[in-house]
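Single-structure report; data block below.
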Amino acid sequence: MNFHKRVLLGSLLVVFDFNVNAIDVLPDFLGFFLIATAFDSVKTKEAQVGQTISLVLAVISFILLFVRLEPTGYLVLYSFYPFVIESVIGALIILQLAYVFIVSTQRLPELGTGIPKVFLGAQLFIYAATGLTPHFTASEAGTWVIGLVVGSVVCYMYYFGFLWKRKSFERETRELPVKTLVQFPQ
Amino acid sequence: MKKFWIVVVVLLGFRWLSVGVYEAKTVDEPVVVASQMNMELNSVFVSYITKTLEPADVEKVEINGYNFAPGNGDIFFFEETPQINAQLEVEYPYHAIYSVTIQLPHDGYYEFIENAETLTIHFGDESSQSFPLQVLQKLPLNNVLVSQSWVGSNETQTESYRAQDDFILMDIIPDERIEILSVRLNDKELKVPLDEPLSISKGDSFVVVQSDSPALFLGEWGTVQLTIKEEFREPSELFLVSAFNSRPSEEWIQAQVQEAKNK
């Protein structure tokens, strides 16, 4: 499985939650772990950093399977605990995305730079804007969060499209055996 | 890439600062601002200020050792279970007022709780607060004044009455939440408090203009007590009842929170 395919599958596991009896059958930590293995397939300094970030995210997500992000949970000391944890996860995910684009460019240099500034700028904006939510009333925050969710959906549609295209290109140029053109005598 | 890391770390700091500002501005523990037993409505009301994110929930309300709690079978010794409903009254960015209504199924409960002077509200976080319980007794029936029309805004309420019988108006006493702005008898302005008793005849028009107050719970009442003397009867009290229209302001809530923090 090539780099882009693993990142794509891992990201799908992270983004989509499918619960059966309150258990997420597509756990995020598996997605982050798959992305970490994707980084492992590329031997660059940036891929190592991306792998480390992905592994940290996998560990945090694994712990969160057992620790609820609620103030009543046994590991929670006070109410802003979920915000602190989620803000760390959010920051790490943005960094992970940036390293995916860098490593993607290193993996497929013939496609030119794959670092979309608008996409990363939008991610940073959504991340910062989410931090303003506590300063609204619940009804205002509801509207605000819906807007941010729509923005995130658009961003991830772009991201998945990006990975899909590059997955196919990587497969064709790096994985399929070179076809030999056989010319038959006239 | 170093710049990108710096931006992400700065935004992470912004997120934490944002939560820190929220925590500094909101209340740690709920602040009870009103409790009333309204015997006319067979209800007990409790209101409290709490934070907007993760507002405090009520575990039970204790009056005279009797517990009223949400759900079924939570009140001791009674078959019929009074219901507690908590609802959001007003919300601002850092504070919200929730009110709890305990609807009593019948008057029988009063013999257990009617002499209560305080009420203790237990919150879901295991904190509890006691608060003086205001008791609004059943209002005596009197039909000498019948309401004709009512006009209200967030600042004033004007209610017109028609006298159904002859009587002498001896005194007008508004409760502490109301200010009488004007009283008119047949379009003639009266001075309040009255200098001397006033005769009112059947068919007279009686208009009371009063200030409105913020309702701390759904349908909070204000009362104006009239002391009247009907022919061949002892002086009695007549209550003009009006529901408050306006909502507590953000400034008022902040003042209550500040007062609670200073205690």
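Labels used: A, B, ... for chains in the order of the structure tokens, numbers from 1 for residues in each chain, and numbers from 1 for ligands as shown.
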
For this session: Within segment 22-137 of chain B, find each residue whose DSSP state, derived from the backbone, is alpha helix (DSSP H), and express the selection as a ChimeraX atom specification.
Result: /B:22-25,110-113

Chain A residues near chain B (10 Å cut-off, only C-alpha atoms) as an mmCIF file with C-alpha atoms, in the first residue's frame:
```
data_model
loop_
_atom_site.group_PDB
_atom_site.id
_atom_site.type_symbol
_atom_site.label_atom_id
_atom_site.label_comp_id
_atom_site.auth_asym_id
_atom_site.auth_seq_id
_atom_site.Cartn_x
_atom_site.Cartn_y
_atom_site.Cartn_z
ATOM 1 C CA GLU A 46 9.977 15.496 7.637
ATOM 2 C CA GLU A 70 -16.411 15.069 30.271
ATOM 3 C CA PRO A 71 -16.013 16.981 33.502
ATOM 4 C CA THR A 72 -17.538 14.064 35.371
ATOM 5 C CA TYR A 78 -12.161 20.729 36.091
ATOM 6 C CA SER A 79 -14.395 21.751 33.292
ATOM 7 C CA PHE A 80 -11.910 23.115 30.780
ATOM 8 C CA TYR A 81 -10.044 19.812 30.618
ATOM 9 C CA PHE A 83 -10.931 22.063 25.781
ATOM 10 C CA VAL A 84 -7.273 21.676 26.699
ATOM 11 C CA GLU A 86 -9.030 18.865 22.210
ATOM 12 C CA SER A 87 -6.963 21.949 21.485
ATOM 13 C CA VAL A 88 -3.772 19.861 21.700
ATOM 14 C CA ILE A 89 -5.270 17.222 19.389
ATOM 15 C CA GLY A 90 -6.407 19.924 16.956
ATOM 16 C CA ALA A 91 -2.967 21.523 16.860
ATOM 17 C CA LEU A 92 -1.269 18.171 16.275
ATOM 18 C CA ILE A 94 -2.938 20.551 11.672
ATOM 19 C CA LEU A 95 0.794 19.843 11.967
ATOM 20 C CA ALA A 98 1.196 19.971 6.910
ATOM 21 C CA TYR A 99 3.696 17.106 7.070
ATOM 22 C CA ILE A 102 5.432 18.055 2.561
ATOM 23 C CA LEU A 120 -3.749 25.087 5.700
ATOM 24 C CA LEU A 124 -5.657 27.445 11.109
ATOM 25 C CA PHE A 125 -8.639 29.790 10.902
ATOM 26 C CA TYR A 127 -8.869 26.012 14.723
ATOM 27 C CA ALA A 128 -8.602 29.560 16.058
ATOM 28 C CA ALA A 129 -12.286 30.294 15.514
ATOM 29 C CA THR A 130 -13.299 27.184 17.461
ATOM 30 C CA GLY A 131 -11.475 28.684 20.431
ATOM 31 C CA LEU A 132 -13.913 31.598 20.449
ATOM 32 C CA THR A 133 -16.919 29.335 21.031
ATOM 33 C CA PRO A 134 -17.039 29.722 24.850
ATOM 34 C CA HIS A 135 -17.589 33.462 24.426
ATOM 35 C CA PHE A 136 -20.929 33.032 22.688
ATOM 36 C CA THR A 137 -24.285 32.018 24.067
ATOM 37 C CA ALA A 138 -25.260 28.406 23.379
ATOM 38 C CA SER A 139 -27.561 29.386 20.492
ATOM 39 C CA GLU A 140 -24.950 31.675 18.926
ATOM 40 C CA ALA A 141 -22.287 29.027 19.452
#
```

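Note that atom CA of Trp221 of chain B and atom CA of Leu136 of chain B are 9.5 Å apart.
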
Can you write out as CSV which residues of segment 39-150 of chain A fall within 10 Å of segment 14-26 of chain A, alongside each residue's closest atom pair and its distance in Å to one decimal, counting only C-alpha atoms and ordering rows by chain and ascending residue number?
```
residue,atom,partner,partner_atom,distance
A:Ala58,CA,A:Val14,CA,10.0
A:Ser61,CA,A:Val14,CA,9.7
A:Leu65,CA,A:Asp24,CA,8.7
```

Got time to write the residues from that selection, N, CA and C atoms, as an mmCIF file, in the first residue's frame?
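Wrote result17.cif, looks like this:
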```cif
data_model
loop_
_atom_site.group_PDB
_atom_site.id
_atom_site.type_symbol
_atom_site.label_atom_id
_atom_site.label_comp_id
_atom_site.auth_asym_id
_atom_site.auth_seq_id
_atom_site.Cartn_x
_atom_site.Cartn_y
_atom_site.Cartn_z
ATOM 1 N N ALA A 58 -2.059 8.862 17.938
ATOM 2 C CA ALA A 58 -2.606 7.504 18.115
ATOM 3 C C ALA A 58 -2.682 7.157 19.600
ATOM 4 N N SER A 61 -5.472 9.182 21.273
ATOM 5 C CA SER A 61 -6.785 8.651 20.872
ATOM 6 C C SER A 61 -7.070 7.324 21.548
ATOM 7 N N LEU A 65 -10.169 6.385 24.361
ATOM 8 C CA LEU A 65 -11.178 5.323 24.255
ATOM 9 C C LEU A 65 -11.694 4.939 25.639
#
```

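In this comparison, which uses only C-alpha atoms, the residue of B:Asn115, B:Asn142, B:Ser201, B:Gln210 approaching Ala163 of chain B most closely is B:Ser201.
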
Problem set entry | DSSP strand (DSSP E or B) selection over segment 17-185 of chain A, as a ChimeraX atom specification | /A:19-20,23-24

For this session: Tell me which protein, DNA and RNA residues are within 8 Å of Asp165 of chain B, counting only C-alpha atoms, leaving out same-chain ones fewer than 6 positions away, and put them as a list in words.
Result: Val144, Leu145, Ser201, Lys202 and Gly203 of chain B
